[in-house]
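Participant: As input, take entry.txt (compact mmCIF, C-alpha atoms):
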# COMPACT_ATOMS: atom_id res chain seq x y z
CA MET A 1 9.99 8.84 12.24
CA THR A 2 12.41 9.41 9.37
CA ALA A 3 12.10 9.21 5.60
CA PRO A 4 12.32 5.63 4.30
CA ASN A 5 15.47 4.27 2.72
CA LEU A 6 15.52 3.51 -1.00
CA ILE A 7 16.54 0.01 -2.14
CA VAL A 8 17.34 -0.29 -5.88
CA VAL A 9 17.65 -3.67 -7.63
CA GLN A 10 17.97 -4.59 -11.31
CA GLY A 11 18.09 -7.72 -13.48
CA GLY A 12 16.07 -10.91 -13.68
CA TYR A 13 13.41 -11.40 -11.04
CA ARG A 14 15.27 -14.03 -9.03
CA GLN A 15 18.41 -11.92 -9.28
CA MET A 16 16.53 -8.84 -8.05
CA GLY A 17 15.09 -10.85 -5.17
CA GLU A 18 18.57 -11.97 -4.18
CA GLN A 19 19.87 -8.39 -4.25
CA LEU A 20 16.90 -7.31 -2.15
CA GLY A 21 17.49 -10.08 0.38
CA GLU A 22 21.17 -9.24 0.71
CA GLN A 23 20.49 -5.54 1.27
CA THR A 24 17.66 -6.03 3.76
CA ALA A 25 18.53 -9.27 5.59
CA GLU A 26 18.54 -7.64 9.03
CA LEU A 27 15.25 -5.83 8.36
CA VAL A 28 13.67 -9.05 7.10
CA GLU A 29 14.68 -10.80 10.30
CA ARG A 30 13.05 -8.07 12.36
CA SER A 31 9.89 -8.07 10.27
CA LEU A 32 9.61 -11.84 10.49
CA ALA A 33 10.08 -11.71 14.26
CA THR A 34 7.26 -9.17 14.59
CA TYR A 35 4.74 -10.98 12.42
CA VAL A 36 5.60 -14.51 13.51
CA GLY A 37 5.02 -13.30 17.06
CA ARG A 38 1.62 -11.98 16.03
CA PHE A 39 0.86 -15.22 14.17
CA HIS A 40 1.53 -17.05 17.45
CA ASP A 41 -0.15 -14.65 19.85
CA ASP A 42 -3.04 -13.20 17.83
CA ALA A 43 -3.93 -16.04 15.47
CA GLY A 44 -2.86 -19.03 17.58
CA LEU A 45 -0.68 -20.45 14.81
CA SER A 46 2.19 -22.80 15.59
CA ASP A 47 5.50 -22.77 13.72
CA ALA A 48 4.31 -25.86 11.86
CA ASP A 49 1.12 -24.01 10.84
CA ILE A 50 3.13 -21.02 9.60
CA ASP A 51 5.44 -23.23 7.56
CA ARG A 52 2.57 -25.27 6.11
CA TRP A 53 0.61 -22.24 4.96
CA GLY A 54 3.76 -20.48 3.79
CA ARG A 55 4.42 -23.38 1.41
CA VAL A 56 0.84 -23.14 0.15
CA TYR A 57 1.20 -19.43 -0.60
CA LEU A 58 4.61 -19.95 -2.21
CA ASP A 59 2.98 -22.46 -4.54
CA VAL A 60 0.16 -19.99 -5.23
CA ALA A 61 2.72 -17.39 -6.32
CA GLU A 62 4.08 -19.77 -8.97
CA SER A 63 0.71 -20.01 -10.69
CA TYR A 64 -0.44 -16.42 -10.06
CA VAL A 65 2.49 -14.28 -11.24
CA PRO A 66 5.74 -16.28 -11.63
CA GLU A 67 7.84 -13.13 -11.17
CA ILE A 68 6.57 -12.92 -7.59
CA ALA A 69 7.68 -16.48 -6.86
CA ALA A 70 11.06 -15.82 -8.48
CA MET A 71 11.62 -12.77 -6.28
CA LEU A 72 10.63 -14.69 -3.14
CA HIS A 73 13.09 -17.48 -3.94
CA GLY A 74 15.80 -14.93 -4.69
CA MET A 75 15.08 -13.01 -1.48
CA ALA A 76 15.39 -16.28 0.43
CA ASP A 77 18.80 -16.87 -1.16
CA GLY A 78 19.96 -13.36 -0.31
CA SER A 79 18.54 -13.06 3.20
CA GLY A 80 19.05 -16.59 4.47
CA HIS A 81 15.38 -17.01 5.40
CA PRO A 82 13.26 -19.81 3.86
CA ALA A 83 11.14 -18.78 0.88
CA HIS A 84 8.03 -20.27 2.47
CA ARG A 85 8.48 -18.04 5.55
CA LEU A 86 8.70 -15.02 3.24
CA ALA A 87 5.56 -16.19 1.45
CA ALA A 88 3.80 -16.38 4.83
CA LEU A 89 4.95 -12.84 5.55
CA ASN A 90 3.46 -11.63 2.26
CA ALA A 91 0.24 -13.37 3.32
CA ARG A 92 0.16 -11.72 6.74
CA THR A 93 -3.38 -10.41 6.20
CA GLU A 94 -4.63 -13.93 5.50
CA MET A 95 -2.51 -15.57 8.20
CA LEU A 96 -4.05 -13.23 10.77
CA TYR A 97 -7.61 -13.88 9.58
CA GLY A 98 -10.13 -14.01 12.40
CA THR A 99 -8.14 -11.99 14.95
CA GLY A 100 -8.91 -8.58 16.34
CA TYR A 101 -5.48 -7.40 15.24
CA ARG A 102 -6.20 -5.66 11.96
CA GLU A 103 -7.67 -2.33 12.98
CA GLY A 104 -5.60 -0.56 10.37
CA GLY A 105 -6.55 2.53 8.49
CA CYS A 106 -5.56 4.34 5.28
CA THR A 107 -7.15 7.07 3.19
CA SER A 108 -6.66 7.05 -0.60
CA VAL A 109 -7.35 9.67 -3.28
CA SER A 110 -7.17 9.78 -7.09
CA VAL A 111 -7.69 12.88 -9.25
CA LEU A 112 -8.26 12.69 -13.01
CA PRO A 113 -6.12 14.95 -15.23
CA ARG A 114 -9.11 16.99 -16.43
CA TYR A 115 -9.33 18.34 -12.88
CA THR A 116 -5.65 19.03 -12.16
CA ALA A 117 -3.78 22.27 -12.74
CA ASP A 118 -1.21 20.70 -15.08
CA GLY A 119 -3.33 17.96 -16.66
CA HIS A 120 -1.54 15.17 -14.80
CA THR A 121 -3.11 12.13 -13.08
CA LEU A 122 -2.62 12.21 -9.30
CA LEU A 123 -2.86 9.32 -6.86
CA ALA A 124 -2.20 9.50 -3.12
CA GLN A 125 -2.55 7.73 0.19
CA ASN A 126 -1.88 7.85 3.92
CA TRP A 127 -0.82 4.41 5.16
CA ASP A 128 -2.01 3.92 8.74
CA TRP A 129 -0.50 1.00 10.61
CA HIS A 130 1.55 0.08 13.68
CA PRO A 131 4.19 2.83 14.10
CA GLU A 132 7.00 0.35 14.81
CA GLN A 133 6.72 -0.97 11.25
CA ALA A 134 8.18 2.30 9.95
CA GLU A 135 11.62 1.05 10.98
CA VAL A 136 11.44 -1.95 8.65
CA THR A 137 9.67 -0.23 5.74
CA PHE A 138 11.42 1.22 2.69
CA LEU A 139 10.94 2.22 -0.93
CA LEU A 140 11.73 -0.63 -3.31
CA ALA A 141 12.71 0.19 -6.90
CA THR A 142 12.96 -2.73 -9.34
CA ARG A 143 13.91 -2.69 -13.03
CA ASP A 144 13.82 -5.94 -15.00
CA GLU A 145 15.84 -6.96 -18.04
CA ALA A 146 13.21 -5.50 -20.38
CA GLY A 147 13.44 -2.10 -18.66
CA PHE A 148 10.08 -2.32 -16.88
CA SER A 149 10.35 -0.64 -13.48
CA VAL A 150 8.30 -0.40 -10.29
CA LEU A 151 8.62 1.89 -7.26
CA SER A 152 6.66 0.76 -4.20
CA LEU A 153 6.51 1.26 -0.48
CA THR A 154 7.41 -2.12 1.00
CA GLU A 155 7.67 -3.77 4.40
CA ALA A 156 10.84 -5.85 4.73
CA GLY A 157 10.34 -9.37 3.42
CA MET A 158 7.37 -8.29 1.33
CA LEU A 159 7.18 -7.19 -2.30
CA ALA A 160 4.68 -4.34 -2.54
CA LYS A 161 2.21 -1.96 -1.07
CA SER A 162 1.23 1.31 -2.76
CA GLY A 163 3.33 2.53 -5.68
CA LEU A 164 3.66 3.17 -9.41
CA ASN A 165 5.36 1.69 -12.46
CA SER A 166 7.10 2.85 -15.62
CA ALA A 167 3.90 2.33 -17.64
CA GLY A 168 2.30 5.12 -15.59
CA LEU A 169 0.03 2.81 -13.59
CA GLY A 170 -0.38 3.49 -9.87
CA VAL A 171 -1.86 1.47 -7.00
CA CYS A 172 -3.10 2.41 -3.52
CA ALA A 173 -4.30 -0.02 -0.85
CA ASN A 174 -6.92 0.18 1.90
CA LEU A 175 -7.75 -2.48 4.46
CA LEU A 176 -11.26 -3.97 4.28
CA ILE A 177 -12.66 -6.85 6.35
CA SER A 178 -15.82 -8.83 5.64
CA ASP A 179 -17.56 -11.94 6.89
CA LEU A 180 -16.53 -13.66 3.64
CA ASP A 181 -12.84 -13.57 4.59
CA ARG A 182 -11.43 -17.00 5.22
CA GLY A 183 -8.26 -18.96 5.51
CA GLY A 184 -7.15 -21.50 2.95
CA ARG A 185 -5.66 -21.52 -0.51
CA GLY A 186 -5.98 -18.40 -2.64
CA VAL A 187 -4.13 -15.28 -3.77
CA PRO A 188 -3.03 -13.15 -0.79
CA TYR A 189 -3.85 -9.44 -0.84
CA HIS A 190 -0.21 -8.31 -1.01
CA TYR A 191 0.34 -10.58 -4.02
CA LEU A 192 -2.58 -8.78 -5.67
CA LEU A 193 -0.88 -5.43 -5.06
CA ARG A 194 2.39 -6.61 -6.59
CA GLY A 195 0.50 -8.26 -9.44
CA ALA A 196 -1.21 -4.97 -10.27
CA LEU A 197 2.11 -3.09 -10.10
CA GLN A 198 3.67 -5.67 -12.44
CA SER A 199 0.99 -4.79 -15.04
CA ARG A 200 1.90 -2.74 -18.08
CA THR A 201 -1.73 -1.87 -18.82
CA MET A 202 -4.86 -1.10 -16.83
CA SER A 203 -6.51 -4.09 -18.51
CA LEU A 204 -3.87 -6.52 -17.26
CA ALA A 205 -4.13 -5.07 -13.75
CA HIS A 206 -7.86 -5.84 -13.78
CA LYS A 207 -7.16 -9.42 -14.88
CA ARG A 208 -4.74 -9.87 -11.99
CA LEU A 209 -7.20 -8.51 -9.43
CA LEU A 210 -10.65 -9.74 -10.42
CA PRO A 211 -10.87 -13.28 -11.94
CA VAL A 212 -8.71 -14.89 -9.24
CA GLU A 213 -9.46 -16.82 -6.06
CA ARG A 214 -9.35 -14.28 -3.23
CA ILE A 215 -9.43 -15.31 0.41
CA SER A 216 -9.48 -11.90 2.09
CA SER A 217 -11.00 -8.50 1.54
CA GLY A 218 -9.13 -5.38 0.53
CA ASN A 219 -9.48 -2.20 -1.47
CA VAL A 220 -7.33 -1.40 -4.51
CA LEU A 221 -7.46 2.08 -6.05
CA LEU A 222 -5.96 2.19 -9.56
CA ALA A 223 -5.13 5.15 -11.78
CA ASP A 224 -2.95 5.66 -14.83
CA ALA A 225 -1.19 8.29 -16.86
CA GLY A 226 -3.74 7.76 -19.62
CA GLY A 227 -6.23 9.62 -17.46
CA GLU A 228 -8.51 7.00 -15.93
CA SER A 229 -9.07 5.71 -12.40
CA ILE A 230 -11.14 2.95 -10.86
CA ASP A 231 -11.57 1.55 -7.37
CA PHE A 232 -12.11 -2.14 -6.65
CA GLU A 233 -13.55 -3.29 -3.34
CA LEU A 234 -12.41 -6.90 -3.29
CA ALA A 235 -13.76 -9.77 -1.20
CA PRO A 236 -13.75 -13.55 -1.65
CA GLY A 237 -16.00 -14.35 -4.59
CA VAL A 238 -17.34 -10.82 -5.11
CA PHE A 239 -16.13 -7.29 -5.86
CA GLY A 240 -17.54 -3.79 -6.12
CA THR A 241 -16.53 -0.95 -8.43
CA LEU A 242 -16.36 2.79 -7.80
CA LEU A 243 -15.73 5.36 -10.56
CA PRO A 244 -14.70 9.02 -10.23
CA GLU A 245 -17.26 11.65 -9.29
CA GLN A 246 -16.26 15.14 -10.40
CA GLY A 247 -12.87 13.69 -11.27
CA LEU A 248 -12.22 12.30 -7.79
CA ILE A 249 -12.26 8.95 -5.99
CA THR A 250 -11.74 8.84 -2.23
CA HIS A 251 -11.67 5.70 -0.11
CA SER A 252 -10.98 4.55 3.43
CA ASN A 253 -11.76 1.30 5.27
CA HIS A 254 -15.36 0.37 4.63
CA PHE A 255 -17.26 -1.01 1.64
CA GLN A 256 -19.04 1.73 -0.32
CA ALA A 257 -20.52 -0.49 -3.04
CA THR A 258 -23.54 -2.69 -2.33
CA LEU A 259 -22.24 -6.23 -1.97
CA PRO A 260 -23.65 -9.45 -0.45
CA LEU A 261 -21.46 -9.36 2.65
CA ARG A 262 -21.23 -8.00 6.18
CA ASP A 263 -18.67 -5.26 6.64
CA LYS A 264 -16.73 -6.05 9.83
CA LYS A 265 -14.85 -2.74 10.14
CA ALA A 266 -17.37 -0.11 9.03
CA ALA A 267 -18.50 0.55 12.60
CA THR A 268 -15.11 0.47 14.31
CA SER A 269 -12.28 1.63 12.02
CA ALA A 270 -11.43 5.16 13.14
CA LEU A 271 -13.51 7.74 11.23
CA THR A 272 -13.73 5.55 8.15
CA GLN A 273 -17.31 6.75 7.57
CA LEU A 274 -16.14 10.36 7.24
CA ARG A 275 -12.57 10.32 5.93
CA PRO A 276 -13.55 9.92 2.24
CA ALA A 277 -16.10 12.76 2.50
CA ARG A 278 -13.63 14.93 4.41
CA ALA A 279 -11.02 14.48 1.67
CA ARG A 280 -13.60 15.40 -0.97
CA HIS A 281 -14.69 18.49 0.97
CA LEU A 282 -11.09 19.68 1.25
CA LEU A 283 -10.45 19.22 -2.49
CA GLU A 284 -13.81 20.51 -3.76
CA PRO A 285 -12.78 24.17 -4.28
CA ALA A 286 -9.82 23.15 -6.47
CA LEU A 287 -11.90 20.48 -8.23
CA GLU A 288 -14.57 22.99 -9.14
CA GLU A 289 -11.94 25.21 -10.75
CA ARG A 290 -10.17 22.18 -12.29
CA ARG A 291 -6.87 23.26 -10.76
CA VAL A 292 -5.98 20.57 -8.22
CA ARG A 293 -2.23 20.69 -7.51
CA VAL A 294 0.06 18.26 -5.74
CA ALA A 295 0.17 20.82 -2.92
CA ASP A 296 -3.63 20.54 -2.52
CA VAL A 297 -3.40 16.78 -2.18
CA VAL A 298 -0.55 17.13 0.34
CA ALA A 299 -2.66 19.57 2.38
CA THR A 300 -5.52 17.06 2.37
CA LEU A 301 -3.28 14.25 3.61
CA ARG A 302 -2.04 16.55 6.39
CA ASP A 303 -5.55 17.31 7.63
CA GLU A 304 -5.78 16.86 11.42
CA TRP A 305 -9.51 17.41 11.88
CA SER A 306 -10.82 15.21 14.73
CA PHE A 307 -7.32 14.71 16.11
CA PRO A 308 -5.87 12.12 16.67
CA ASP A 309 -8.02 10.02 14.29
CA GLY A 310 -8.30 12.19 11.20
CA ILE A 311 -6.90 11.70 7.71
CA CYS A 312 -3.50 12.49 9.23
CA ARG A 313 -3.63 10.05 12.10
CA HIS A 314 -1.57 10.37 15.29
CA PRO A 315 -0.95 7.68 17.93
CA ASP A 316 -3.60 7.78 20.65
CA PRO A 317 -1.88 7.94 24.06
CA ASP A 318 -4.95 6.36 25.67
CA VAL A 319 -4.44 3.15 23.65
CA ALA A 320 -1.98 0.45 24.71
CA PRO A 321 1.31 0.76 22.78
CA ALA A 322 0.94 -2.64 21.08
CA GLU A 323 -2.45 -1.60 19.68
CA ARG A 324 -1.59 1.93 18.57
CA PHE A 325 -1.96 3.02 14.96
CA CYS A 326 -0.90 6.17 13.16
CA THR A 327 -0.10 7.41 9.67
CA VAL A 328 3.20 5.62 9.15
CA TYR A 329 3.91 7.05 5.68
CA SER A 330 2.13 9.42 3.30
CA LEU A 331 2.54 9.09 -0.48
CA VAL A 332 1.59 11.29 -3.42
CA MET A 333 2.17 10.17 -7.01
CA ASP A 334 2.17 12.07 -10.31
CA LEU A 335 1.56 9.20 -12.71
CA THR A 336 2.11 11.33 -15.79
CA ASP A 337 5.65 12.25 -14.76
CA ARG A 338 6.29 8.99 -12.83
CA VAL A 339 7.12 10.89 -9.65
CA LEU A 340 6.49 9.79 -6.06
CA TRP A 341 6.63 12.01 -2.98
CA ILE A 342 6.77 10.38 0.44
CA ALA A 343 6.71 11.73 4.00
CA PRO A 344 7.10 9.85 7.27
CA GLY A 345 4.15 10.07 9.60
CA PRO A 346 2.52 12.10 10.71
CA PRO A 347 2.87 14.07 7.43
CA SER A 348 1.61 17.24 9.12
CA ARG A 349 4.94 17.30 10.95
CA HIS A 350 7.31 16.24 8.15
CA ALA A 351 8.45 17.26 4.68
CA TYR A 352 7.97 15.07 1.62
CA THR A 353 10.89 13.61 -0.32
CA ARG A 354 10.57 13.49 -4.11
CA TRP A 355 11.74 10.49 -6.14
CA ASP A 356 11.66 10.40 -9.97
CA LEU A 357 11.24 6.81 -11.16
CA ASP A 358 13.12 7.37 -14.41
CA ARG A 359 16.22 8.58 -12.53
CA LEU A 360 16.56 5.84 -9.95
CA PHE A 361 18.61 3.33 -11.92
CA ASP A 362 21.38 5.29 -13.64
CA GLY A 363 23.96 6.33 -11.09
CA ALA A 364 23.26 7.47 -7.56
CA PRO A 365 19.56 8.49 -7.30
CA VAL A 366 18.96 12.01 -6.03
CA ALA A 367 16.05 12.87 -3.74
CA ARG A 368 14.69 16.36 -3.19
CA THR A 369 12.89 17.63 -0.11
CA GLU A 370 9.64 19.45 -0.88
CA PHE A 371 6.43 20.53 0.86
CA GLU A 372 7.94 21.48 4.19
CA PRO A 373 5.29 21.54 6.95
CA GLU A 374 4.08 24.96 7.99
CA GLY A 375 4.48 25.98 11.61
CA ALA A 376 5.78 22.59 12.71
CA THR A 377 9.17 21.21 13.62
CA ALA A 378 10.05 17.90 12.07
CA ALA A 379 10.69 15.21 14.63
Mind converting the file's structure to structure tokens?
Facilitator:
Amino acid sequence: MTAPNLIVVQGGYRQMGEQLGEQTAELVERSLATYVGRFHDDAGLSDADIDRWGRVYLDVAESYVPEIAAMLHGMADGSGHPAHRLAALNARTEMLYGTGYREGGCTSVSVLPRYTADGHTLLAQNWDWHPEQAEVTFLLATRDEAGFSVLSLTEAGMLAKSGLNSAGLGVCANLLISDLDRGGRGVPYHYLLRGALQSRTMSLAHKRLLPVERISSGNVLLADAGGESIDFELAPGVFGTLLPEQGLITHSNHFQATLPLRDKKAATSALTQLRPARARHLLEPALEERRVRVADVVATLRDEWSFPDGICRHPDPDVAPAERFCTVYSLVMDLTDRVLWIAPGPPSRHAYTRWDLDRLFDGAPVARTEFEPEGATAA
């Protein structure tokens, strides 16, 4: 795998969506082909079903966060693909409800500034997914007419995953599945992620995540430059909250809070029961001395214990190619300095590229390579 491309757009939200669609039209076509195929094969949805639900989720965007709807309409104009198909793509988690497709993964970490070497808030994640999606995934930088900016990892045709914004708020995502998940009308999980990233305050992010109609489960780890972090385990009609312990939150792919639901991935998602504890064990020495550095977080994300299914996940050769998962990208964010480092998966084999949010929009953005892997040759 290679480092993701950076797509930079500026202006009004429909204008930014149009620029995004123009620059990624080929990638959007590939992403749509992949997921529409899975909608057909894994969820049994017809083209008419996809279009019907896509229109529902496009309408939901209008009432949830209008900027999301504006970007979808603009992306449709720029890419040549209908806005309702793009809305269905952003609702891929919900469209695939009830299939065995979403094995997924992801390990997320936040560290409060009282426990870091430089007093900065750190937030990080390994995104585990189908390795072929790396080819249609990129970093999306948006800056609106008021100067508010967002930098997020994004699959083509979609608007957000994990990332940070110019207010110093960061978001990480982890797949969760419960028996409360359902189809129907509601706010898709990837809308929730973009909604949180569009928030200028932690309070607004909470309002966009909690008092809304959710139709799927998912974990959202939030942190900000002001020095706080909170984890929300979201499910339809209920949510759980986790707060830092010794300055640290770690999360993977099972519910840790006590909620009135049945966790449908706790027993099967690779090492989910141990990945949060493993991350804490690796960071404990630096936490105890209150000197956690970005390099310590990088080392944690590169951990290959219990290969191939550890925090740094590798494709399992004994699994059919269509069902393989691995760490597709690894991200570390300094929310105080508004900096994001990203490495293609597996991060144990690749260097991280540094992007400074404040420098992305004025002239050609410059990336720096940092945290070269030790004793490994990048592939």
Participant: Counting all atoms listed in the file, which of A:Asp303, A:Glu26, A:Glu288, A:Glu94 gets nearest to Ser330 of chain A?
Facilitator: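 Comparing A:Asp303, A:Glu26, A:Glu288, A:Glu94 against Ser330 of chain A, the winner is A:Asp303.
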Participant: Give me the segment 46-119 of chain A side of the contact with segment 233-254 of chain A, cut-off 6 Å, one line per residue showing its nearest atom pair and distance in Å at one decimal, counting all atoms listed in the file, sorted by chain and residue number, as a tab-separated table.
Facilitator:
residue	atom	partner	partner_atom	distance
A:Cys106	CA	A:Ser252	CA	5.7
A:Thr107	CA	A:Ser252	CA	4.6
A:Ser108	CA	A:His251	CA	5.2
A:Val109	CA	A:Thr250	CA	4.6
A:Ser110	CA	A:Ile249	CA	5.3
A:Val111	CA	A:Leu248	CA	4.8
A:Leu112	CA	A:Gly247	CA	5.0
Participant: Would you save the residues of that selection, restricted to C-alpha atoms, as a compact mmCIF listing (two decimals), in the coordinates of the input?
Facilitator:
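Writing done, so here's part.txt:
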# COMPACT_ATOMS: atom_id res chain seq x y z
CA CYS A 106 -5.56 4.34 5.28
CA THR A 107 -7.15 7.07 3.19
CA SER A 108 -6.66 7.05 -0.60
CA VAL A 109 -7.35 9.67 -3.28
CA SER A 110 -7.17 9.78 -7.09
CA VAL A 111 -7.69 12.88 -9.25
CA LEU A 112 -8.26 12.69 -13.01
Participant: Which residues come within 8 Å of Tyr13 of chain A, counting all atoms listed in the file, excluding same-chain residues fewer than 5 positions away, as a list in words?
Facilitator: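 Returned residues: Glu67, Ile68, Ala70, Met71, Gly74 and Asp144 of chain A.
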Participant: Which of these residues is nearest to Arg30 of chain A, using only C-alpha atoms: A:Gly12, A:Tyr64, A:Glu155, A:Trp129?
Facilitator: A:Glu155
Participant: From the options A:Cys312, A:Leu192, A:Leu204, A:Val366, which residue's atoms come nearest to Gly345 of chain A, counting all atoms listed in the file?
Facilitator: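 When distances to Gly345 of chain A are compared using all atoms listed in the file, the smallest one comes from A:Cys312.
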Participant: Quick one: of A:Thr300, A:Ser216, A:Asn174, A:Gln10, who's nearest to Ala146 of chain A, counting only C-alpha atoms?
Facilitator: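 Under the stated criterion, the closest residue is A:Gln10.
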Participant: Can you work out which one of A:Glu145, A:Glu213, A:Asp337, A:Asp362 has the shortest atom-to-atom distance to Gly11 of chain A, counting all atoms listed in the file?
Facilitator: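 Looking at the shortest contact to Gly11 of chain A, the residue is A:Glu145.
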Participant: May I have the protein, DNA and RNA residues with any atom at most 7 Å from the point (-10.0, -3.7, 0.5), counting only C-alpha atoms, written as a PyMOL selection string?
Facilitator: chain A and resi 173-176+217-220+233-234
Participant: Here is a test: counting only C-alpha atoms, which residue of A:Glu374, A:Glu132, A:Asp334, A:Asp51 is nearest to Gly227 of chain A?
Facilitator: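 Among A:Glu374, A:Glu132, A:Asp334, A:Asp51, it is A:Asp334 that comes nearest to Gly227 of chain A.
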Participant: Which residues are close to Thr34 of chain A, i.e. within 12 Å by all atoms listed in the file, leaving aside same-chain residues fewer than 2 positions away? Reply as a list of chain:residue names.
Facilitator: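 Listing them by chain and then by number gives A:Leu27, A:Val28, A:Glu29, A:Arg30, A:Ser31, A:Leu32, A:Val36, A:Gly37, A:Arg38, A:Phe39, A:His40, A:Asp41, A:Asp42, A:Leu89, A:Arg92, A:His130, A:Glu132, A:Gln133, A:Glu135, A:Val136, A:Glu155, A:Ala156, A:Gly157, A:Ala322.
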Participant: For Ala141 of chain A, find every residue with an atom within 10 Å (counting all atoms listed in the file), except residues of its own chain fewer than 6 positions away, and show them as an MDAnalysis selection string.
Facilitator: chainID A and resid 6:10 16 20 149:154 163:165 357 360:361
Participant: As AutoDock Vina command-line options, what would the box around segment 227-241 of chain A look like: edges along x, y and z, 3 Å added on every side, centre and edge lengths in Å to one decimal?
Facilitator:
--center_x -11.9 --center_y -2.4 --center_z -9.3 --size_x 17.3 --size_y 30.0 --size_z 22.3
Participant: Could I get the residues of segment 89-183 of chain A with an atom no further than 6 Å from an atom of segment 260-271 of chain A, each paired with its nearest atom pair and that distance in Å to one decimal, using only C-alpha atoms, sorted by chain and residue number, as a tab-separated table?
Facilitator:
residue	atom	partner	partner_atom	distance
A:Ile177	CA	A:Lys264	CA	5.4
A:Ser178	CA	A:Asp263	CA	4.7
A:Asp179	CA	A:Arg262	CA	5.4
Participant: What is the distance, in Å and to one decimal place, between atom CA of Leu210 of chain A and atom CA of Gly147 of chain A?
Facilitator: 26.6 Å
Participant: What does the structure give for the distance between atom CA of Glu18 of chain A and atom CA of Lys207 of chain A, in Å to one decimal?
Facilitator: 28.0 Å
Participant: Quick one: contact table of segment 42-138 of chain A to segment 338-341 of chain A, 10 Å max, nearest atom pair and distance in Å to one decimal per residue, counting all atoms listed in the file, chain and number order, as JSON lines?
Facilitator:
{"residue": "A:Thr121", "atom": "CA", "partner": "A:Arg338", "partner_atom": "CA", "distance": 9.9}
{"residue": "A:Leu122", "atom": "CA", "partner": "A:Val339", "partner_atom": "CA", "distance": 9.8}
{"residue": "A:Leu123", "atom": "CA", "partner": "A:Leu340", "partner_atom": "CA", "distance": 9.4}
{"residue": "A:Ala124", "atom": "CA", "partner": "A:Leu340", "partner_atom": "CA", "distance": 9.2}
Participant: So how far away is atom CA of Leu301 of chain A from atom CA of Glu228 of chain A, in Å?
Facilitator: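 For atom CA of Glu228 of chain A relative to atom CA of Leu301 of chain A, the distance reads 21.5 Å.
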Participant: Would it be fine to have segment 68-72 of chain A, with all heavy atoms, given as a short mmCIF file (atom, residue, chain, number, x, y, z; two decimals), in the first residue's frame?
Facilitator:
data_model
loop_
_atom_site.label_atom_id
_atom_site.label_comp_id
_atom_site.auth_asym_id
_atom_site.auth_seq_id
_atom_site.Cartn_x
_atom_site.Cartn_y
_atom_site.Cartn_z
N ILE A 68 -23.83 18.71 4.96
CA ILE A 68 -23.60 17.38 4.41
C ILE A 68 -24.40 17.20 3.13
O ILE A 68 -23.88 16.73 2.10
CB ILE A 68 -23.97 16.30 5.44
CG1 ILE A 68 -22.98 16.34 6.62
CG2 ILE A 68 -23.98 14.91 4.79
CD1 ILE A 68 -23.32 15.36 7.73
N ALA A 69 -25.66 17.59 3.15
CA ALA A 69 -26.49 17.48 1.95
C ALA A 69 -25.93 18.34 0.83
O ALA A 69 -25.90 17.91 -0.34
CB ALA A 69 -27.92 17.90 2.28
N ALA A 70 -25.48 19.55 1.15
CA ALA A 70 -24.93 20.43 0.13
C ALA A 70 -23.70 19.80 -0.52
O ALA A 70 -23.52 19.86 -1.75
CB ALA A 70 -24.57 21.78 0.74
N MET A 71 -22.83 19.17 0.28
CA MET A 71 -21.65 18.54 -0.29
C MET A 71 -22.02 17.34 -1.15
O MET A 71 -21.40 17.09 -2.19
CB MET A 71 -20.68 18.13 0.82
CG MET A 71 -19.98 19.32 1.48
SD MET A 71 -18.61 18.81 2.55
CE MET A 71 -17.39 18.27 1.34
N LEU A 72 -23.03 16.58 -0.75
CA LEU A 72 -23.45 15.43 -1.56
C LEU A 72 -24.00 15.89 -2.91
O LEU A 72 -23.69 15.30 -3.95
CB LEU A 72 -24.51 14.62 -0.80
CG LEU A 72 -24.00 13.83 0.41
CD1 LEU A 72 -25.19 13.22 1.16
CD2 LEU A 72 -23.03 12.74 0.00
#
